[in-house]
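K.L.:
The structure file target.cif (mmCIF, N, CA, C and O atoms) is provided below.
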```cif
data_upload
loop_
_atom_site.label_atom_id
_atom_site.label_comp_id
_atom_site.auth_asym_id
_atom_site.auth_seq_id
_atom_site.Cartn_x
_atom_site.Cartn_y
_atom_site.Cartn_z
N MET A 20 0.82 -1.18 0.00
CA MET A 20 0.00 0.00 0.00
C MET A 20 0.87 1.26 0.00
O MET A 20 0.60 2.18 -0.74
N ALA A 21 1.91 1.26 0.83
CA ALA A 21 2.77 2.44 0.89
C ALA A 21 3.45 2.70 -0.45
O ALA A 21 3.57 3.85 -0.87
N THR A 22 3.88 1.63 -1.13
CA THR A 22 4.54 1.84 -2.42
C THR A 22 3.57 2.41 -3.44
O THR A 22 3.94 3.24 -4.26
N GLU A 23 2.32 1.97 -3.38
CA GLU A 23 1.31 2.50 -4.31
C GLU A 23 0.98 3.95 -3.99
O GLU A 23 0.82 4.78 -4.90
N LEU A 24 0.88 4.29 -2.69
CA LEU A 24 0.56 5.66 -2.31
C LEU A 24 1.70 6.62 -2.61
O LEU A 24 1.50 7.83 -2.71
N ALA A 25 2.90 6.10 -2.77
CA ALA A 25 4.04 6.96 -3.12
C ALA A 25 3.87 7.54 -4.52
O ALA A 25 4.35 8.64 -4.80
N VAL A 26 3.14 6.83 -5.38
CA VAL A 26 2.99 7.29 -6.77
C VAL A 26 1.54 7.52 -7.20
O VAL A 26 1.29 8.02 -8.28
N ASN A 27 0.58 7.13 -6.35
CA ASN A 27 -0.84 7.28 -6.69
C ASN A 27 -1.60 7.84 -5.50
O ASN A 27 -1.21 7.67 -4.35
N VAL A 28 -2.75 8.43 -5.78
CA VAL A 28 -3.60 8.98 -4.73
C VAL A 28 -4.29 7.87 -3.95
O VAL A 28 -4.59 8.01 -2.77
N THR A 29 -4.53 6.76 -4.61
CA THR A 29 -5.21 5.63 -3.96
C THR A 29 -4.32 4.39 -4.05
O THR A 29 -3.33 4.36 -4.76
N SER A 30 -4.73 3.35 -3.31
CA SER A 30 -4.00 2.10 -3.32
C SER A 30 -4.93 0.97 -3.78
O SER A 30 -5.82 0.57 -3.04
N PRO A 31 -4.72 0.47 -5.01
CA PRO A 31 -5.53 -0.67 -5.46
C PRO A 31 -5.39 -1.88 -4.54
O PRO A 31 -6.37 -2.60 -4.32
N ALA A 32 -4.22 -2.09 -3.94
CA ALA A 32 -4.04 -3.21 -3.03
C ALA A 32 -4.93 -3.07 -1.81
O ALA A 32 -5.53 -4.04 -1.34
N LYS A 33 -5.04 -1.86 -1.28
CA LYS A 33 -5.91 -1.64 -0.12
C LYS A 33 -7.37 -1.83 -0.51
O LYS A 33 -8.14 -2.44 0.24
N THR A 34 -7.75 -1.35 -1.66
CA THR A 34 -9.13 -1.52 -2.12
C THR A 34 -9.46 -3.00 -2.25
O THR A 34 -10.52 -3.46 -1.79
N ARG A 35 -8.55 -3.78 -2.85
CA ARG A 35 -8.78 -5.22 -2.98
C ARG A 35 -8.86 -5.89 -1.61
O ARG A 35 -9.73 -6.73 -1.37
N ALA A 36 -7.96 -5.52 -0.71
CA ALA A 36 -7.95 -6.12 0.63
C ALA A 36 -9.23 -5.78 1.39
O ALA A 36 -9.81 -6.66 2.05
N ASP A 37 -9.66 -4.54 1.32
CA ASP A 37 -10.91 -4.14 2.00
C ASP A 37 -12.10 -4.91 1.45
O ASP A 37 -12.96 -5.38 2.21
N THR A 38 -12.16 -5.04 0.14
CA THR A 38 -13.26 -5.77 -0.51
C THR A 38 -13.23 -7.23 -0.10
O THR A 38 -14.27 -7.83 0.24
N ASP A 39 -12.05 -7.83 -0.10
CA ASP A 39 -11.90 -9.23 0.29
C ASP A 39 -12.30 -9.43 1.75
O ASP A 39 -13.01 -10.39 2.09
N TRP A 40 -11.88 -8.52 2.62
CA TRP A 40 -12.21 -8.61 4.06
C TRP A 40 -13.73 -8.57 4.25
O TRP A 40 -14.29 -9.35 5.02
N GLU A 41 -14.38 -7.68 3.53
CA GLU A 41 -15.84 -7.57 3.63
C GLU A 41 -16.53 -8.81 3.08
O GLU A 41 -17.53 -9.28 3.64
N ALA A 42 -16.02 -9.36 2.00
CA ALA A 42 -16.66 -10.51 1.35
C ALA A 42 -16.45 -11.81 2.10
O ALA A 42 -17.37 -12.61 2.25
N ARG A 43 -15.22 -12.05 2.56
CA ARG A 43 -14.90 -13.35 3.17
C ARG A 43 -14.75 -13.32 4.68
O ARG A 43 -14.82 -14.36 5.32
N GLY A 44 -14.52 -12.16 5.22
CA GLY A 44 -14.41 -12.04 6.67
C GLY A 44 -13.01 -12.24 7.19
O GLY A 44 -12.17 -12.89 6.58
N GLY A 45 -12.80 -11.64 8.37
CA GLY A 45 -11.48 -11.65 8.98
C GLY A 45 -10.98 -13.01 9.40
O GLY A 45 -9.79 -13.29 9.30
N GLU A 46 -11.87 -13.87 9.88
CA GLU A 46 -11.41 -15.18 10.34
C GLU A 46 -10.80 -15.99 9.21
O GLU A 46 -9.76 -16.62 9.39
N VAL A 47 -11.44 -15.98 8.06
CA VAL A 47 -10.93 -16.74 6.90
C VAL A 47 -9.59 -16.16 6.44
O VAL A 47 -8.62 -16.89 6.24
N ILE A 48 -9.55 -14.85 6.31
CA ILE A 48 -8.33 -14.21 5.83
C ILE A 48 -7.19 -14.38 6.83
O ILE A 48 -6.06 -14.70 6.46
N ASN A 49 -7.48 -14.19 8.12
CA ASN A 49 -6.44 -14.37 9.13
C ASN A 49 -5.92 -15.80 9.16
O ASN A 49 -4.72 -16.02 9.35
N ALA A 50 -6.78 -16.78 8.95
CA ALA A 50 -6.34 -18.17 8.91
C ALA A 50 -5.39 -18.39 7.73
O ALA A 50 -4.38 -19.10 7.85
N GLU A 51 -5.69 -17.78 6.59
CA GLU A 51 -4.82 -17.90 5.42
C GLU A 51 -3.46 -17.23 5.68
O GLU A 51 -2.41 -17.78 5.33
N VAL A 52 -3.49 -16.07 6.31
CA VAL A 52 -2.26 -15.36 6.63
C VAL A 52 -1.43 -16.19 7.61
O VAL A 52 -0.21 -16.35 7.43
N ASP A 53 -2.07 -16.73 8.63
CA ASP A 53 -1.36 -17.57 9.61
C ASP A 53 -0.70 -18.76 8.91
O ASP A 53 0.46 -19.08 9.20
N ALA A 54 -1.41 -19.41 8.01
CA ALA A 54 -0.86 -20.57 7.31
C ALA A 54 0.33 -20.16 6.43
O ALA A 54 1.34 -20.87 6.38
N ARG A 55 0.21 -19.02 5.75
CA ARG A 55 1.30 -18.55 4.89
C ARG A 55 2.55 -18.25 5.72
O ARG A 55 3.65 -18.65 5.37
N TRP A 56 2.39 -17.56 6.84
CA TRP A 56 3.53 -17.21 7.69
C TRP A 56 4.11 -18.45 8.36
O TRP A 56 5.32 -18.53 8.59
N ALA A 57 3.27 -19.42 8.71
CA ALA A 57 3.76 -20.64 9.36
C ALA A 57 4.68 -21.43 8.44
O ALA A 57 5.53 -22.19 8.90
N ALA A 58 4.53 -21.24 7.13
CA ALA A 58 5.34 -21.96 6.17
C ALA A 58 6.70 -21.30 5.91
O ALA A 58 7.56 -21.88 5.25
N VAL A 59 6.90 -20.10 6.44
CA VAL A 59 8.16 -19.37 6.22
C VAL A 59 9.20 -19.82 7.24
O VAL A 59 8.91 -19.85 8.44
N PRO A 60 10.40 -20.17 6.80
CA PRO A 60 11.45 -20.59 7.74
C PRO A 60 11.77 -19.48 8.76
O PRO A 60 11.70 -18.29 8.45
N MET A 61 12.13 -19.90 9.96
CA MET A 61 12.37 -18.96 11.06
C MET A 61 13.43 -17.92 10.71
O MET A 61 13.28 -16.74 11.02
N GLY A 62 14.50 -18.32 10.05
CA GLY A 62 15.54 -17.36 9.67
C GLY A 62 15.01 -16.27 8.76
O GLY A 62 15.37 -15.09 8.90
N GLU A 63 14.17 -16.66 7.83
CA GLU A 63 13.58 -15.67 6.92
C GLU A 63 12.62 -14.75 7.68
O GLU A 63 12.57 -13.55 7.42
N LEU A 64 11.85 -15.31 8.61
CA LEU A 64 10.95 -14.48 9.42
C LEU A 64 11.74 -13.43 10.18
O LEU A 64 11.37 -12.25 10.20
N ARG A 65 12.82 -13.87 10.81
CA ARG A 65 13.65 -12.93 11.58
C ARG A 65 14.20 -11.83 10.67
O ARG A 65 14.24 -10.66 11.05
N ALA A 66 14.64 -12.21 9.49
CA ALA A 66 15.17 -11.22 8.54
C ALA A 66 14.09 -10.22 8.14
O ALA A 66 14.34 -9.01 8.09
N ARG A 67 12.90 -10.72 7.88
CA ARG A 67 11.80 -9.82 7.51
C ARG A 67 11.44 -8.88 8.66
O ARG A 67 11.19 -7.70 8.45
N PHE A 68 11.40 -9.43 9.88
CA PHE A 68 11.06 -8.59 11.03
C PHE A 68 12.10 -7.50 11.26
O PHE A 68 11.80 -6.44 11.77
N ARG A 69 13.36 -7.78 10.88
CA ARG A 69 14.41 -6.77 11.02
C ARG A 69 14.32 -5.71 9.92
O ARG A 69 14.63 -4.56 10.16
N THR A 70 13.94 -6.11 8.71
CA THR A 70 14.03 -5.18 7.57
C THR A 70 12.72 -4.48 7.20
O THR A 70 12.75 -3.34 6.74
N LEU A 71 11.60 -5.14 7.38
CA LEU A 71 10.34 -4.57 6.91
C LEU A 71 9.95 -3.25 7.57
O LEU A 71 9.48 -2.34 6.88
N PRO A 72 10.12 -3.09 8.88
CA PRO A 72 9.76 -1.78 9.46
C PRO A 72 10.54 -0.62 8.83
O PRO A 72 9.97 0.43 8.54
N GLY A 73 11.83 -0.82 8.59
CA GLY A 73 12.64 0.21 7.96
C GLY A 73 12.20 0.48 6.53
O GLY A 73 12.17 1.64 6.09
N GLU A 74 11.85 -0.58 5.81
CA GLU A 74 11.36 -0.39 4.44
C GLU A 74 10.06 0.41 4.44
O GLU A 74 9.89 1.31 3.62
N LEU A 75 9.16 0.08 5.36
CA LEU A 75 7.90 0.83 5.44
C LEU A 75 8.17 2.30 5.74
O LEU A 75 7.63 3.18 5.08
N ARG A 76 9.02 2.57 6.73
CA ARG A 76 9.34 3.96 7.04
C ARG A 76 9.94 4.66 5.83
O ARG A 76 9.63 5.82 5.54
N GLY A 77 10.80 3.95 5.10
CA GLY A 77 11.40 4.54 3.92
C GLY A 77 10.37 4.91 2.86
O GLY A 77 10.42 6.00 2.29
N TYR A 78 9.44 4.01 2.60
CA TYR A 78 8.38 4.32 1.63
C TYR A 78 7.52 5.47 2.10
O TYR A 78 7.15 6.36 1.33
N LEU A 79 7.18 5.47 3.39
CA LEU A 79 6.30 6.52 3.89
C LEU A 79 6.95 7.90 3.84
O LEU A 79 6.24 8.90 3.78
N THR A 80 8.28 7.96 3.81
CA THR A 80 8.92 9.27 3.70
C THR A 80 8.68 9.91 2.34
O THR A 80 8.78 11.13 2.22
N VAL A 81 8.35 9.10 1.33
CA VAL A 81 8.09 9.68 0.01
C VAL A 81 6.60 9.74 -0.33
O VAL A 81 6.23 10.27 -1.37
N VAL A 82 5.76 9.22 0.55
CA VAL A 82 4.31 9.34 0.35
C VAL A 82 3.89 10.72 0.82
O VAL A 82 4.17 11.09 1.96
N PRO A 83 3.24 11.50 -0.05
CA PRO A 83 2.77 12.81 0.40
C PRO A 83 1.87 12.68 1.64
O PRO A 83 1.07 11.75 1.73
N GLU A 84 2.03 13.60 2.58
CA GLU A 84 1.26 13.54 3.82
C GLU A 84 -0.25 13.49 3.58
O GLU A 84 -0.97 12.86 4.35
N THR A 85 -0.70 14.12 2.51
CA THR A 85 -2.14 14.12 2.23
C THR A 85 -2.67 12.73 1.89
O THR A 85 -3.87 12.49 1.97
N ARG A 86 -1.76 11.81 1.56
CA ARG A 86 -2.18 10.45 1.21
C ARG A 86 -2.12 9.49 2.37
O ARG A 86 -2.55 8.34 2.25
N TRP A 87 -1.56 9.91 3.51
CA TRP A 87 -1.57 9.00 4.65
C TRP A 87 -1.74 9.73 5.97
O TRP A 87 -2.70 9.47 6.68
N LEU A 88 -0.88 10.66 6.35
CA LEU A 88 -1.04 11.34 7.63
C LEU A 88 -2.31 12.17 7.71
O LEU A 88 -2.95 12.25 8.75
N LYS A 89 -2.67 12.78 6.61
CA LYS A 89 -3.86 13.64 6.58
C LYS A 89 -5.03 12.97 5.90
O LYS A 89 -6.03 13.62 5.60
N HIS A 90 -4.93 11.66 5.68
CA HIS A 90 -6.02 10.88 5.06
C HIS A 90 -6.49 9.89 6.13
O HIS A 90 -5.80 8.92 6.44
N ALA A 91 -7.64 10.15 6.70
CA ALA A 91 -8.11 9.40 7.87
C ALA A 91 -8.11 7.89 7.65
O ALA A 91 -7.64 7.13 8.51
N ASP A 92 -8.63 7.42 6.53
CA ASP A 92 -8.73 5.98 6.29
C ASP A 92 -7.35 5.34 6.13
O ASP A 92 -7.07 4.30 6.70
N HIS A 93 -6.48 5.99 5.38
CA HIS A 93 -5.14 5.43 5.17
C HIS A 93 -4.33 5.46 6.47
O HIS A 93 -3.64 4.48 6.78
N LEU A 94 -4.42 6.54 7.23
CA LEU A 94 -3.70 6.61 8.50
C LEU A 94 -4.20 5.54 9.46
O LEU A 94 -3.40 4.84 10.10
N ARG A 95 -5.51 5.36 9.53
CA ARG A 95 -6.09 4.33 10.40
C ARG A 95 -5.56 2.95 9.99
O ARG A 95 -5.22 2.12 10.84
N PHE A 96 -5.47 2.69 8.69
CA PHE A 96 -4.95 1.41 8.21
C PHE A 96 -3.53 1.19 8.72
O PHE A 96 -3.22 0.14 9.27
N PHE A 97 -2.65 2.18 8.51
CA PHE A 97 -1.26 2.01 8.93
C PHE A 97 -1.16 1.82 10.45
O PHE A 97 -0.38 0.99 10.91
N GLN A 98 -1.94 2.54 11.20
CA GLN A 98 -1.92 2.38 12.66
C GLN A 98 -2.47 1.02 13.06
O GLN A 98 -1.88 0.31 13.88
N ASP A 99 -3.63 0.65 12.49
CA ASP A 99 -4.27 -0.62 12.85
C ASP A 99 -3.41 -1.82 12.49
O ASP A 99 -3.42 -2.83 13.19
N GLU A 100 -2.69 -1.74 11.39
CA GLU A 100 -1.92 -2.89 10.91
C GLU A 100 -0.48 -2.90 11.39
O GLU A 100 0.26 -3.82 11.07
N THR A 101 -0.08 -1.90 12.15
CA THR A 101 1.29 -1.90 12.68
C THR A 101 1.24 -1.77 14.20
O THR A 101 0.96 -2.73 14.89
N THR A 102 1.51 -0.61 14.72
CA THR A 102 1.67 -0.44 16.17
C THR A 102 0.45 -0.85 16.98
O THR A 102 0.59 -1.55 17.99
N GLU A 103 -0.72 -0.44 16.59
CA GLU A 103 -1.91 -0.79 17.37
C GLU A 103 -2.27 -2.26 17.23
O GLU A 103 -2.77 -2.86 18.17
N HIS A 104 -1.99 -2.84 16.09
CA HIS A 104 -2.29 -4.26 15.89
C HIS A 104 -1.50 -5.12 16.88
O HIS A 104 -2.03 -6.05 17.47
N TYR A 105 -0.25 -4.78 17.06
CA TYR A 105 0.59 -5.61 17.92
C TYR A 105 0.23 -5.45 19.39
O TYR A 105 0.47 -6.35 20.18
N GLU A 106 -0.35 -4.32 19.76
CA GLU A 106 -0.78 -4.15 21.14
C GLU A 106 -1.86 -5.18 21.49
O GLU A 106 -1.91 -5.68 22.61
N GLU A 107 -2.69 -5.54 20.51
CA GLU A 107 -3.71 -6.56 20.72
C GLU A 107 -3.09 -7.92 21.05
O GLU A 107 -3.71 -8.76 21.67
N HIS A 108 -1.86 -8.13 20.60
CA HIS A 108 -1.18 -9.41 20.79
C HIS A 108 -0.07 -9.32 21.84
O HIS A 108 0.81 -10.16 21.89
N ARG A 109 -0.13 -8.31 22.67
CA ARG A 109 0.93 -8.04 23.65
C ARG A 109 1.25 -9.27 24.51
O ARG A 109 2.41 -9.60 24.72
N THR A 110 0.22 -9.93 25.01
CA THR A 110 0.44 -11.09 25.88
C THR A 110 1.19 -12.18 25.13
O THR A 110 2.15 -12.77 25.66
N ASP A 111 0.79 -12.45 23.89
CA ASP A 111 1.47 -13.48 23.09
C ASP A 111 2.92 -13.07 22.81
O ASP A 111 3.83 -13.90 22.89
N LEU A 112 3.12 -11.81 22.45
CA LEU A 112 4.48 -11.34 22.15
C LEU A 112 5.37 -11.41 23.39
O LEU A 112 6.54 -11.81 23.29
N ASP A 113 4.83 -11.04 24.54
CA ASP A 113 5.61 -11.14 25.78
C ASP A 113 6.01 -12.59 26.06
O ASP A 113 7.13 -12.86 26.49
N ALA A 114 5.09 -13.53 25.81
CA ALA A 114 5.40 -14.95 26.03
C ALA A 114 6.48 -15.43 25.08
O ALA A 114 7.38 -16.19 25.49
N VAL A 115 6.44 -15.00 23.85
CA VAL A 115 7.47 -15.39 22.88
C VAL A 115 8.82 -14.85 23.30
O VAL A 115 9.84 -15.56 23.28
N LEU A 116 8.85 -13.59 23.71
CA LEU A 116 10.12 -12.99 24.15
C LEU A 116 10.66 -13.67 25.39
O LEU A 116 11.87 -13.91 25.50
N ALA A 117 9.78 -14.02 26.32
CA ALA A 117 10.22 -14.71 27.54
C ALA A 117 10.80 -16.07 27.19
O ALA A 117 11.83 -16.48 27.73
N ALA A 118 10.16 -16.78 26.27
CA ALA A 118 10.65 -18.10 25.86
C ALA A 118 12.00 -17.97 25.14
O ALA A 118 12.88 -18.81 25.31
N ALA A 119 12.16 -16.92 24.37
CA ALA A 119 13.43 -16.72 23.64
C ALA A 119 14.58 -16.42 24.61
O ALA A 119 15.71 -16.81 24.36
N ARG A 120 14.26 -15.75 25.72
CA ARG A 120 15.28 -15.42 26.71
C ARG A 120 15.68 -16.65 27.53
O ARG A 120 16.79 -16.70 28.05
N ALA A 121 14.78 -17.61 27.67
CA ALA A 121 15.02 -18.78 28.53
C ALA A 121 16.03 -19.74 27.93
O ALA A 121 16.40 -19.75 26.84
#
```
The structure in this file should be written as structure tokens.
P.N.:
Amino acid sequence: MATELAVNVTSPAKTRADTDWEARGGEVINAEVDARWAAVPMGELRARFRTLPGELRGYLTVVPETRWLKHADHLRFFQDETTEHYEEHRTDLDAVLAAARA
């Protein structure tokens, strides 16, 4: 979405995702996402977790503010799918970190 907003006023990927979410529902889509991520080797997951936040920040630096910071729907998406999303999983994340330290 960020890459599309860097060059366009709208994001076709977001439109498709919103339509899919409405049509099939979050449980179905989340199950598919879980299955896709479960198939990724741990080393690759760690690499993605290290690099993706920086890539997102990099793309957002070239997205005009009117397309995300000052666009209520787009800003809500970025917040819901990043920082606020993970707060919902805080207990699970804390358990993973505790297990990694042990």
K.L.:
My list of candidates is A:Glu100, A:Asp113, A:Glu23, A:Glu41. Which is closest to Pro72 (chain A) when distances are computed with only C-alpha atoms?
P.N.:
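Smallest separation from Pro72 (chain A) among the options: A:Glu100.
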K.L.:
Do you have the atom C of Phe96 (chain A)-CA of Gly45 (chain A) distance handy?
P.N.:
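Atom C of Phe96 (chain A) sits 15.1 Å away from CA of Gly45 (chain A).
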K.L.:
Just to confirm, what's the straight-line distance from atom N of Glu106 (chain A) to atom O of Ala42 (chain A) in Å (one decimal)?
P.N.:
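Atom-to-atom, atom N of Glu106 (chain A) to atom O of Ala42 (chain A), that is 25.8 Å.
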K.L.:
Around all of region 94-102 of chain A's listed atoms, make the axis-aligned box with 6 Å on each side and tell me centre and edge lengths in Å to one decimal, as JSON.
P.N.:
```
{"center_x": -2.2, "center_y": 1.4, "center_z": 12.6, "size_x": 19.8, "size_y": 22.4, "size_z": 22.8}
```
K.L.:
Please return, as JSON, numbers by chain, all residues of chain A that DSSP assigns to alpha helix (DSSP H) on the basis of the backbone.
P.N.:
{"A": [21, 22, 23, 24, 25, 26, 31, 32, 33, 34, 35, 36, 37, 38, 39, 40, 41, 42, 43, 45, 46, 47, 48, 49, 50, 51, 52, 53, 54, 55, 56, 57, 61, 62, 63, 64, 65, 66, 67, 68, 69, 70, 71, 72, 73, 74, 75, 76, 77, 78, 79, 80, 81, 91, 92, 93, 94, 95, 96, 97, 98, 99, 100, 102, 103, 104, 105, 106, 107, 109, 110, 111, 112, 113, 114, 115, 116, 117, 118, 119, 120]}
K.L.:
What gap, in Å, lies between atom O of Pro31 (chain A) and atom O of Ala66 (chain A)?
P.N.:
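The value is 25.0 Å.
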K.L.:
Check which residues satisfy the PyMOL selection byres ((chain A and resi 25) around 6) in the file shown, then give them as a list in words.
P.N.:
Met20, Ala21, Thr22, Glu23, Leu24, Val26, Asn27, Tyr78, Val81, Val82 and Pro83 of chain A
